[in-house]
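Asks: You'll find model_8.tsv just under this line, and it carries TSV, C-alpha atoms.
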chain	number	residue	atom	x	y	z
C	1	MET	CA	68.14	184.95	-146.53
C	2	GLU	CA	68.11	181.89	-144.26
C	3	GLN	CA	68.97	184.16	-141.33
C	4	LYS	CA	66.13	186.50	-142.20
C	5	LYS	CA	63.67	183.61	-142.40
C	6	LYS	CA	64.70	182.40	-138.96
C	7	PHE	CA	64.29	185.89	-137.55
C	8	GLU	CA	60.80	186.15	-139.01
C	9	ASP	CA	59.84	182.69	-137.75
C	10	TRP	CA	60.72	183.71	-134.20
C	11	PHE	CA	57.71	186.06	-134.21
C	12	LYS	CA	55.41	183.26	-135.36
C	13	HIS	CA	55.90	181.01	-132.32
C	14	SER	CA	53.00	181.20	-129.93
C	15	TRP	CA	53.85	181.35	-126.27
C	16	THR	CA	52.51	179.11	-123.52
C	17	TYR	CA	50.00	180.48	-121.01
C	18	VAL	CA	52.66	180.20	-118.31
C	19	THR	CA	55.06	182.35	-120.37
C	20	GLY	CA	52.22	184.86	-120.70
C	21	ALA	CA	51.60	184.78	-116.95
C	22	ILE	CA	55.28	185.36	-116.13
C	23	LEU	CA	55.61	188.26	-118.59
C	24	LEU	CA	52.32	189.87	-117.49
C	25	SER	CA	53.52	189.66	-113.87
C	26	PHE	CA	56.77	191.35	-114.86
C	27	MET	CA	54.82	194.14	-116.60
C	28	GLN	CA	52.53	194.53	-113.57
C	29	ILE	CA	55.48	194.87	-111.21
C	30	ILE	CA	57.31	197.47	-113.30
C	31	THR	CA	54.01	199.31	-113.84
C	32	LEU	CA	53.46	199.62	-110.07
C	33	ALA	CA	57.11	200.57	-109.52
C	34	ILE	CA	57.19	203.28	-112.20
C	35	THR	CA	53.67	204.72	-112.29
C	36	GLY	CA	52.73	204.11	-108.66
C	37	HIS	CA	49.51	202.35	-109.72
C	38	PRO	CA	48.85	198.73	-110.70
C	39	TRP	CA	47.52	197.88	-114.16
C	40	GLY	CA	43.90	198.93	-114.66
C	41	ILE	CA	41.71	199.35	-117.72
C	42	THR	CA	38.21	200.48	-116.86
C	43	SER	CA	39.00	203.75	-115.07
C	44	ALA	CA	39.38	205.16	-118.59
C	45	PHE	CA	35.70	204.45	-119.23
C	46	ALA	CA	34.65	206.39	-116.13
C	47	PHE	CA	36.87	209.27	-117.26
C	48	TRP	CA	35.33	209.50	-120.76
C	49	GLY	CA	31.81	208.74	-119.48
C	50	SER	CA	32.14	211.62	-117.06
C	51	ARG	CA	33.35	213.94	-119.83
C	52	LEU	CA	30.54	212.84	-122.14
C	53	ILE	CA	27.84	213.51	-119.51
C	54	ASN	CA	29.34	216.91	-118.79
C	55	ALA	CA	29.50	217.73	-122.49
C	56	LEU	CA	25.81	216.86	-122.81
C	57	GLY	CA	25.07	219.33	-120.03
C	58	GLY	CA	24.62	216.78	-117.26
C	59	ASP	CA	26.19	216.86	-113.86
C	60	SER	CA	28.27	213.75	-113.26
C	61	TYR	CA	29.92	212.77	-110.06
C	62	PHE	CA	31.76	209.80	-111.53
C	63	PRO	CA	34.74	208.89	-109.42
C	64	VAL	CA	37.69	209.69	-111.63
C	65	SER	CA	40.89	208.43	-110.04
C	66	SER	CA	43.96	210.60	-109.59
C	67	GLU	CA	45.70	208.46	-112.19
C	68	ASN	CA	43.28	209.64	-114.87
C	69	ILE	CA	43.53	213.36	-114.38
C	70	GLN	CA	47.22	214.04	-114.76
C	71	THR	CA	46.98	217.06	-117.00
C	72	TYR	CA	49.05	217.40	-120.10
C	73	GLN	CA	48.85	219.98	-122.85
C	74	ALA	CA	47.04	217.95	-125.49
C	75	TRP	CA	43.47	216.90	-124.62
C	76	PHE	CA	43.91	213.29	-125.71
C	77	LEU	CA	46.89	212.94	-123.41
C	78	GLN	CA	44.89	213.81	-120.32
C	79	ASP	CA	44.21	210.23	-119.37
C	80	PRO	CA	47.27	207.97	-119.48
C	81	VAL	CA	45.07	204.91	-118.84
C	82	THR	CA	43.28	205.54	-122.14
C	83	LEU	CA	46.63	205.80	-123.86
C	84	ARG	CA	47.71	202.47	-122.37
C	85	ASN	CA	44.43	200.87	-123.50
C	86	ILE	CA	45.10	202.09	-127.05
C	87	GLY	CA	48.62	200.71	-126.61
C	88	ILE	CA	47.14	197.26	-125.80
C	89	ILE	CA	45.07	197.38	-129.02
C	90	VAL	CA	47.99	198.39	-131.26
C	91	GLY	CA	50.38	196.07	-129.40
C	92	ALA	CA	48.10	193.16	-130.34
C	93	THR	CA	48.02	194.45	-133.93
C	94	LEU	CA	51.82	194.54	-133.94
C	95	ALA	CA	52.08	190.97	-132.63
C	96	ALA	CA	49.51	189.77	-135.18
C	97	LEU	CA	51.26	191.51	-138.09
C	98	LEU	CA	54.72	190.22	-137.17
C	99	ALA	CA	53.28	186.70	-136.98
C	100	SER	CA	51.34	187.22	-140.25
C	101	GLN	CA	48.11	186.55	-138.35
C	102	PHE	CA	46.32	189.85	-138.80
C	103	ARG	CA	42.85	189.22	-140.26
C	104	VAL	CA	39.89	191.53	-140.54
C	105	LYS	CA	37.06	189.46	-139.07
C	106	LYS	CA	33.60	190.70	-139.96
C	107	ILE	CA	30.51	190.15	-137.84
C	108	LYS	CA	28.71	186.97	-138.86
C	109	SER	CA	25.24	187.12	-137.34
C	110	LYS	CA	22.71	189.16	-135.38
C	111	LYS	CA	22.88	186.57	-132.61
C	112	GLN	CA	26.57	187.36	-132.12
C	113	ILE	CA	25.74	191.07	-131.78
C	114	ILE	CA	23.04	190.37	-129.16
C	115	GLY	CA	25.50	188.23	-127.18
C	116	VAL	CA	28.33	190.75	-127.11
C	117	ALA	CA	25.97	193.70	-126.54
C	118	ALA	CA	24.46	192.02	-123.47
C	119	GLY	CA	27.91	190.89	-122.33
C	120	GLY	CA	29.39	194.35	-122.85
C	121	LEU	CA	26.59	196.05	-120.89
C	122	LEU	CA	26.97	193.62	-117.99
C	123	MET	CA	30.76	193.98	-117.93
C	124	GLY	CA	30.53	197.78	-118.10
C	125	TYR	CA	27.95	197.98	-115.33
C	126	GLY	CA	29.65	195.38	-113.15
C	127	SER	CA	33.09	196.93	-113.47
C	128	SER	CA	31.75	200.38	-112.58
C	129	ILE	CA	30.01	199.38	-109.36
C	130	ALA	CA	32.83	197.04	-108.27
C	131	SER	CA	35.52	199.58	-109.26
C	132	GLY	CA	37.30	197.41	-111.77
C	133	CYS	CA	37.35	194.60	-114.27
C	134	ASN	CA	39.20	191.31	-114.60
C	135	ILE	CA	42.41	193.33	-114.48
C	136	GLY	CA	41.82	196.14	-111.97
C	137	ALA	CA	39.45	194.51	-109.48
C	138	PHE	CA	40.55	190.89	-109.88
C	139	TYR	CA	44.19	190.64	-110.97
C	140	SER	CA	45.51	193.90	-109.49
C	141	GLY	CA	43.13	193.71	-106.52
C	142	ILE	CA	44.32	190.28	-105.41
C	143	ALA	CA	47.97	191.07	-106.16
C	144	SER	CA	47.62	194.20	-104.00
C	145	MET	CA	46.57	191.86	-101.16
C	146	SER	CA	43.14	193.41	-100.97
C	147	LEU	CA	40.31	191.28	-99.62
C	148	SER	CA	38.01	192.95	-102.19
C	149	GLY	CA	39.99	191.25	-104.99
C	150	TRP	CA	39.29	187.81	-103.53
C	151	VAL	CA	35.59	188.55	-102.99
C	152	PHE	CA	35.30	189.88	-106.55
C	153	GLY	CA	37.17	186.79	-107.83
C	154	VAL	CA	34.81	184.34	-106.09
C	155	PHE	CA	31.75	186.04	-107.60
C	156	LEU	CA	33.46	186.28	-110.98
C	157	PHE	CA	33.44	182.45	-110.91
C	158	VAL	CA	29.78	182.41	-109.85
C	159	GLY	CA	28.99	184.74	-112.77
C	160	ALA	CA	30.97	182.57	-115.17
C	161	ILE	CA	28.94	179.50	-114.14
C	162	ILE	CA	25.66	181.39	-114.67
C	163	GLY	CA	27.00	182.79	-117.95
C	164	GLY	CA	27.96	179.30	-119.14
C	165	LYS	CA	24.41	178.06	-118.47
C	166	LEU	CA	22.90	181.05	-120.32
C	167	LEU	CA	25.29	180.51	-123.22
C	168	ILE	CA	24.27	176.86	-123.62
C	169	ARG	CA	20.58	177.69	-123.31
C	170	PHE	CA	20.30	180.73	-125.57
C	171	PHE	CA	23.31	180.93	-127.83
C	172	MET	CA	24.22	177.38	-128.80
H	173	MET	CA	53.48	179.67	-156.60
H	174	PRO	CA	57.22	180.30	-156.92
H	175	SER	CA	58.21	183.40	-158.84
H	176	SER	CA	61.43	184.32	-160.61
H	177	LYS	CA	62.76	185.96	-157.44
H	178	GLY	CA	62.39	182.72	-155.53
H	179	THR	CA	59.57	183.87	-153.29
H	180	ASN	CA	57.09	181.20	-152.30
H	181	LEU	CA	53.45	181.34	-151.25
H	182	ASN	CA	54.46	181.64	-147.62
H	183	ARG	CA	56.48	184.75	-148.38
H	184	ILE	CA	53.71	186.37	-150.38
H	185	ASN	CA	51.24	186.00	-147.50
H	186	SER	CA	53.75	187.35	-145.02
H	187	GLN	CA	52.74	190.51	-143.15
H	188	PHE	CA	56.13	190.69	-141.48
H	189	HIS	CA	57.31	193.80	-143.36
H	190	TRP	CA	54.08	195.62	-142.39
H	191	GLY	CA	54.78	194.60	-138.81
H	192	ILE	CA	58.26	196.14	-138.97
H	193	ILE	CA	56.88	199.39	-140.44
H	194	PHE	CA	54.14	199.42	-137.77
H	195	PHE	CA	56.76	198.85	-135.06
H	196	PHE	CA	58.67	201.97	-136.12
H	197	ILE	CA	55.46	204.02	-136.27
H	198	LEU	CA	54.59	202.96	-132.70
H	199	LEU	CA	58.12	203.76	-131.59
H	200	ALA	CA	57.93	207.21	-133.23
H	201	VAL	CA	54.66	207.92	-131.40
H	202	GLY	CA	56.37	206.86	-128.18
H	203	LEU	CA	59.24	209.27	-128.79
H	204	LEU	CA	56.79	212.06	-129.61
H	205	LEU	CA	54.91	211.39	-126.37
H	206	SER	CA	58.13	211.41	-124.37
H	207	THR	CA	58.64	215.04	-125.40
H	208	HIS	CA	55.40	215.82	-123.49
H	209	SER	CA	56.21	213.64	-120.52
H	210	ARG	CA	58.42	210.64	-119.97
H	211	LEU	CA	55.78	209.01	-117.77
H	212	ILE	CA	53.10	209.16	-120.45
H	213	SER	CA	55.38	207.48	-123.00
H	214	ILE	CA	55.87	204.69	-120.43
H	215	TYR	CA	52.09	204.16	-120.31
H	216	TRP	CA	52.15	203.93	-124.11
H	217	LEU	CA	55.06	201.48	-124.28
H	218	THR	CA	53.78	199.26	-121.46
H	219	GLY	CA	50.40	199.15	-123.22
H	220	ILE	CA	52.08	197.92	-126.40
H	221	ALA	CA	54.03	195.31	-124.46
H	222	LEU	CA	50.87	194.12	-122.66
H	223	GLY	CA	48.98	193.87	-125.96
H	224	TYR	CA	51.87	191.97	-127.51
H	225	ILE	CA	52.05	189.51	-124.59
H	226	LEU	CA	48.26	188.98	-124.53
H	227	GLN	CA	48.19	188.26	-128.28
H	228	ARG	CA	51.20	185.92	-128.33
H	229	SER	CA	50.16	183.86	-125.31
H	230	ARG	CA	46.39	184.01	-126.06
H	231	PHE	CA	46.03	184.87	-122.41
H	232	CYS	CA	42.36	184.91	-121.52
H	233	PHE	CA	40.90	185.61	-118.10
H	234	THR	CA	37.46	184.60	-119.34
H	235	ALA	CA	38.63	181.10	-120.22
H	236	ALA	CA	40.25	180.86	-116.77
H	237	THR	CA	36.88	181.22	-115.03
H	238	ARG	CA	34.68	179.62	-117.72
H	239	ASP	CA	36.58	176.54	-118.88
H	240	PRO	CA	36.71	174.62	-115.57
H	241	PHE	CA	32.89	174.42	-115.65
H	242	LEU	CA	32.34	174.31	-119.39
H	243	THR	CA	35.06	171.90	-120.54
H	244	GLY	CA	36.83	170.79	-117.37
H	245	SER	CA	40.14	172.26	-118.53
H	246	THR	CA	42.14	174.27	-115.99
H	247	THR	CA	45.30	174.95	-118.05
H	248	ILE	CA	44.64	178.69	-118.28
H	249	THR	CA	43.22	178.84	-114.75
H	250	ARG	CA	46.55	177.51	-113.45
H	251	ALA	CA	48.47	180.05	-115.53
H	252	VAL	CA	46.36	182.86	-114.04
H	253	LEU	CA	47.14	181.50	-110.54
H	254	ILE	CA	50.87	181.56	-111.36
H	255	GLY	CA	50.48	185.17	-112.51
H	256	LEU	CA	48.60	186.09	-109.33
H	257	GLY	CA	51.31	184.48	-107.18
H	258	LEU	CA	54.25	186.13	-108.95
H	259	THR	CA	52.61	189.55	-109.07
H	260	THR	CA	51.67	189.27	-105.38
H	261	ILE	CA	55.33	188.66	-104.49
H	262	GLY	CA	56.48	191.64	-106.58
H	263	PHE	CA	53.78	193.96	-105.28
H	264	ALA	CA	54.40	192.91	-101.68
H	265	GLY	CA	58.11	193.66	-102.15
H	266	ILE	CA	57.44	197.14	-103.54
H	267	LYS	CA	54.79	197.96	-100.93
H	268	PHE	CA	56.93	196.65	-98.07
H	269	PHE	CA	59.91	198.69	-99.30
H	270	PHE	CA	57.85	201.91	-99.31
H	271	ALA	CA	56.30	201.09	-95.93
H	272	THR	CA	59.65	200.45	-94.23
H	273	TRP	CA	61.01	203.77	-95.52
H	274	GLY	CA	57.94	205.52	-94.17
H	275	LEU	CA	56.81	206.54	-97.66
H	276	PRO	CA	53.21	206.40	-98.89
H	277	ILE	CA	52.57	202.86	-100.18
H	278	PRO	CA	51.81	202.92	-103.94
H	279	GLY	CA	48.63	201.48	-105.43
H	280	GLN	CA	46.63	201.49	-102.20
H	281	GLU	CA	43.62	202.91	-104.06
H	282	TYR	CA	43.13	199.33	-105.27
H	283	ILE	CA	42.19	198.32	-101.71
H	284	GLN	CA	38.48	198.67	-102.37
H	285	GLY	CA	35.51	198.61	-100.03
H	286	ILE	CA	33.49	195.41	-99.90
H	287	GLY	CA	29.73	195.20	-100.15
H	288	LEU	CA	26.84	194.06	-102.27
H	289	SER	CA	28.36	196.08	-105.14
H	290	THR	CA	31.46	193.82	-105.12
H	291	ILE	CA	29.25	190.73	-105.24
H	292	VAL	CA	26.79	191.98	-107.88
H	293	GLY	CA	29.65	193.56	-109.85
H	294	GLY	CA	31.58	190.28	-109.85
H	295	VAL	CA	28.56	188.21	-110.91
H	296	PHE	CA	27.56	190.70	-113.64
H	297	PHE	CA	31.13	190.88	-114.91
H	298	GLY	CA	31.43	187.08	-114.87
H	299	ILE	CA	28.22	186.60	-116.86
H	300	GLY	CA	29.26	189.38	-119.25
H	301	THR	CA	32.66	187.88	-120.02
H	302	VAL	CA	31.11	184.53	-120.96
H	303	LEU	CA	28.34	186.07	-123.12
H	304	ALA	CA	30.81	188.35	-124.90
H	305	SER	CA	33.49	185.60	-124.92
H	306	GLY	CA	36.09	188.03	-123.68
H	307	CYS	CA	36.96	190.23	-120.76
H	308	ALA	CA	38.25	193.81	-120.79
H	309	SER	CA	41.83	192.89	-121.80
H	310	GLY	CA	40.64	190.22	-124.25
H	311	MET	CA	38.29	192.71	-125.87
H	312	LEU	CA	41.09	195.21	-126.52
H	313	MET	CA	43.37	192.43	-127.85
H	314	ARG	CA	40.68	191.15	-130.25
H	315	ILE	CA	40.05	194.64	-131.63
H	316	GLY	CA	43.79	194.90	-132.27
H	317	GLU	CA	43.79	191.57	-134.10
H	318	GLY	CA	41.18	192.87	-136.53
H	319	TYR	CA	37.90	191.58	-135.04
H	320	HIS	CA	34.90	193.83	-135.73
H	321	LEU	CA	32.61	192.12	-133.19
H	322	GLN	CA	34.61	193.34	-130.18
H	323	ILE	CA	34.11	196.95	-131.27
H	324	ILE	CA	30.40	196.36	-130.52
H	325	THR	CA	31.44	194.92	-127.14
H	326	LEU	CA	33.51	198.04	-126.46
H	327	ILE	CA	30.58	200.38	-127.29
H	328	PHE	CA	28.22	198.50	-124.96
H	329	PHE	CA	30.93	198.21	-122.30
H	330	PHE	CA	31.14	202.01	-122.37
H	331	ILE	CA	27.32	202.41	-122.17
H	332	GLY	CA	27.19	199.90	-119.29
H	333	SER	CA	29.96	201.76	-117.53
H	334	ILE	CA	28.06	205.06	-117.74
H	335	LEU	CA	24.91	203.40	-116.32
H	336	GLY	CA	26.94	201.81	-113.53
H	337	ASN	CA	28.58	205.10	-112.65
H	338	ILE	CA	25.21	206.86	-112.55
H	339	HIS	CA	24.02	204.24	-110.01
H	340	LEU	CA	27.31	204.20	-108.14
H	341	GLU	CA	26.23	206.59	-105.41
H	342	TRP	CA	23.34	204.27	-104.53
H	343	TRP	CA	25.67	201.26	-104.43
H	344	ASN	CA	28.13	203.17	-102.25
H	345	GLN	CA	25.40	204.01	-99.74
H	346	ASN	CA	23.54	200.71	-99.56
H	347	PHE	CA	24.55	197.24	-98.39
H	348	VAL	CA	28.16	198.20	-97.76
H	349	LEU	CA	29.87	195.69	-95.47
H	350	ILE	CA	33.41	197.04	-95.14
H	351	PRO	CA	33.50	200.58	-96.58
H	352	GLU	CA	37.25	201.13	-96.31
H	353	GLY	CA	38.20	197.63	-97.49
H	354	ILE	CA	40.81	195.33	-96.00
H	355	PHE	CA	44.51	195.37	-96.79
H	356	LEU	CA	45.57	191.89	-95.68
H	357	PRO	CA	48.97	192.95	-94.19
H	358	ASP	CA	47.05	195.25	-91.81
H	359	VAL	CA	45.37	192.17	-90.35
H	360	PHE	CA	48.00	189.43	-90.59
H	361	GLY	CA	51.25	191.40	-90.82
H	362	TRP	CA	53.38	191.51	-93.97
H	363	LEU	CA	54.80	187.99	-93.77
H	364	GLY	CA	51.55	186.51	-92.48
H	365	ALA	CA	49.49	188.08	-95.27
H	366	LEU	CA	51.97	187.06	-97.96
H	367	GLY	CA	52.16	183.53	-96.54
H	368	ILE	CA	48.39	183.10	-96.29
H	369	GLN	CA	47.78	184.53	-99.75
H	370	LEU	CA	50.44	182.35	-101.41
H	371	ALA	CA	49.14	179.29	-99.51
H	372	VAL	CA	45.61	179.97	-100.83
H	373	ILE	CA	46.97	180.36	-104.39
H	374	VAL	CA	48.95	177.09	-104.11
H	375	GLY	CA	45.87	175.40	-102.64
H	376	LEU	CA	43.75	176.58	-105.57
H	377	TYR	CA	46.46	175.37	-107.98
H	378	VAL	CA	46.34	171.87	-106.46
H	379	LEU	CA	42.55	171.97	-106.62
H	380	ALA	CA	42.74	172.99	-110.31
H	381	VAL	CA	45.05	170.05	-111.09
H	382	LYS	CA	42.69	167.63	-109.29
H	383	TRP	CA	39.64	169.17	-111.02
H	384	GLU	CA	41.14	168.57	-114.44
H	385	GLU	CA	42.12	164.98	-113.57
H	386	LYS	CA	38.54	164.34	-112.45
H	387	HIS	CA	37.02	165.83	-115.60
H	388	ASP	CA	39.59	164.40	-117.99
H	389	ASP	CA	37.75	161.59	-119.74
Show me, as structure tokens, the structure contained in the file I just sent.
Replies:
Amino acid sequence: MEQKKKFEDWFKHSWTYVTGAILLSFMQIITLAITGHPWGITSAFAFWGSRLINALGGDSYFPVSSENIQTYQAWFLQDPVTLRNIGIIVGATLAALLASQFRVKKIKSKKQIIGVAAGGLLMGYGSSIASGCNIGAFYSGIASMSLSGWVFGVFLFVGAIIGGKLLIRFFM
Amino acid sequence: MPSSKGTNLNRINSQFHWGIIFFFILLAVGLLLSTHSRLISIYWLTGIALGYILQRSRFCFTAATRDPFLTGSTTITRAVLIGLGLTTIGFAGIKFFFATWGLPIPGQEYIQGIGLSTIVGGVFFGIGTVLASGCASGMLMRIGEGYHLQIITLIFFFIGSILGNIHLEWWNQNFVLIPEGIFLPDVFGWLGALGIQLAVIVGLYVLAVKWEEKHDD
């Protein structure tokens, strides 16, 4: 019983940011070594956006990367990046459950919805034209020793400063 | 509220057993996927590991860029710099290995062109992360933790991404500074590029420490 309690408690400890950074780096390195691509998230959105436009009868020329069109039998397996994104969601659920921290958090106010809708639109648009998000363009871009990653990173900071000012003015 | 079996309140609120069941379900899905392709099950398992790490360490790229200006704290900024440094070393090793064997270097599609789109994209993304209090990875993690709000973020992220992709051709044709991008080792050599990049990261780390000392009052 005591042993079991200790085992359970191990999953409750939160990790430091530095531990997170070290483990994320490890995952990045094995991801590049095994899959031949660094960690990216948003290419999945271009893939499904492209499919949606085509399904609606439009003609899309979205740039879908080679990583996203490895064909497998089942349709939902066509994009491994989507599968990894779902993995991130359920991986967080797993961590939360094991730590007894899983809580369904409902939306509190309309103001919150306006904030995240505007934020989501800006992130979606920005990541599409800059070919990546905080992971693909920033983290993986810089780690790949691409100058584009550094440029994106500098303007990410500029955006965060502007965003902070907007947040204080309109949402606080 | 102790019961006859000796369970206490802490035990009753425990979700640990659900976690164990969930773990085996995820593992079963992984095994099922591996029958299609081993590579695809690796995407699945690495996703789970990434989600687990993000949740446990509360790793947040938004806080890394927002907090220095909003609260003066650079704790998470410094952690991100450590991650950038370590991953750079690993990536450089892999890329150098492939290059010396004359094989195609993996992940070179991440060497992106630079232009107004990089600048506007970065600024938009930066504003978006602060307004939505979460970036792409944070959004996925929050959904996993049970937050409903981030599902709205995800829907609008998707809409924004479609709009951006529709305009992409314009962005790719206008105000492009360096269309093919710059891979730093092409300019400075492998050791030079690695050295310069790590020096910049260390420099930023020192700056982050000083920034926090200055704002710590």
Asks: For stretch 336-341 of chain H, work out the shell of residues within 10 Å, counting only C-alpha atoms and skipping chain neighbours fewer than 6 positions away, then give it as a ChimeraX atom specification.
Replies: /C:45-46,49-50,53,60-63,121-131 /H:289,293,330
Asks: Between H:Leu199, H:Ile286, H:Ala365, H:Cys232, which residue has the minimum interatomic distance to C:Gly149, considering all atoms listed in the file?
Replies: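 Among the listed residues, the smallest separation from C:Gly149 belongs to H:Ile286.
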Asks: Which polymer residues have any atom within 9 Å of an atom of H:Ile324, counting all atoms listed in the file, with same-chain residues fewer than 3 positions away left out, as a list in words?
Replies: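 Non-adjacent residues within range: Ile113, Val116, Ala117 and Gly120 of chain C; His320, Leu321, Ile327, Phe328 and Phe329 of chain H.
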Asks: Rounded to one decimal in Å, what is the spacing between atom CA of H:Gln187 and atom CA of C:Ala96?
Replies: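 One can read the atom CA of H:Gln187 to atom CA of C:Ala96 distance as 8.6 Å.
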Asks: Could you check how far atom CA of C:Thr16 sits from atom CA of C:Gly36, in Å to one decimal?
Replies: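 According to the coordinates, atom CA of C:Thr16 and atom CA of C:Gly36 are separated by 29.1 Å.
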Asks: Given all atoms listed in the file as the basis, pick out the residue of C:Lys4, C:Lys105, C:Lys165, C:Lys111 nearest to chain H.
Replies: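 Once distances to chain H are computed over all atoms listed in the file, the minimum belongs to C:Lys105.
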Asks: Grab the atom CA of C:Thr42 to atom CA of H:Ala308 distance for me, in Å with one decimal place.
Replies: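 These atoms are spaced 7.7 Å apart.
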Asks: Fewer than 3 positions away in the same chain doesn't count, so skip those; otherwise give me all residues within 7 Å of H:Gln284, counting only C-alpha atoms, as a tab-separated table (two decimals) with C-alpha atoms, in the coordinates of the input.
Replies:
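Result file follows (selection_6.tsv):
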chain	number	residue	atom	x	y	z
C	148	SER	CA	38.01	192.95	-102.19
H	281	GLU	CA	43.62	202.91	-104.06
H	352	GLU	CA	37.25	201.13	-96.31
H	353	GLY	CA	38.20	197.63	-97.49
Asks: Which residue, H:Ile315, H:Ile212, H:Ala304, H:Ala264, has the smallest gap to C:Leu94 when you use all atoms listed in the file?
Replies: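 Among the listed residues, H:Ile315 lies closest to C:Leu94.
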Asks: Around (27.4, 182.2, -122.6) in the file's own coordinates, what residues are found within 8 Å if you use all atoms listed in the file, given back as a list of chain:residue names?
Replies: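 Looking at atoms near the point gives C:Gly115, C:Gly163, C:Gly164, C:Lys165, C:Leu166, C:Leu167, C:Ile168, C:Phe170, C:Phe171, H:Ile299, H:Val302, H:Leu303, H:Ala304, H:Ser305.
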Asks: Go ahead and write the residues just picked, C-alpha atoms, as a short mmCIF file (atom, residue, chain, number, x, y, z; two decimals), in the frame of the given file.
Replies:
data_model
loop_
_atom_site.label_atom_id
_atom_site.label_comp_id
_atom_site.auth_asym_id
_atom_site.auth_seq_id
_atom_site.Cartn_x
_atom_site.Cartn_y
_atom_site.Cartn_z
CA GLY C 115 25.50 188.23 -127.18
CA GLY C 163 27.00 182.79 -117.95
CA GLY C 164 27.96 179.30 -119.14
CA LYS C 165 24.41 178.06 -118.47
CA LEU C 166 22.90 181.05 -120.32
CA LEU C 167 25.29 180.51 -123.22
CA ILE C 168 24.27 176.86 -123.62
CA PHE C 170 20.30 180.73 -125.57
CA PHE C 171 23.31 180.93 -127.83
CA ILE H 299 28.22 186.60 -116.86
CA VAL H 302 31.11 184.53 -120.96
CA LEU H 303 28.34 186.07 -123.12
CA ALA H 304 30.81 188.35 -124.90
CA SER H 305 33.49 185.60 -124.92
#
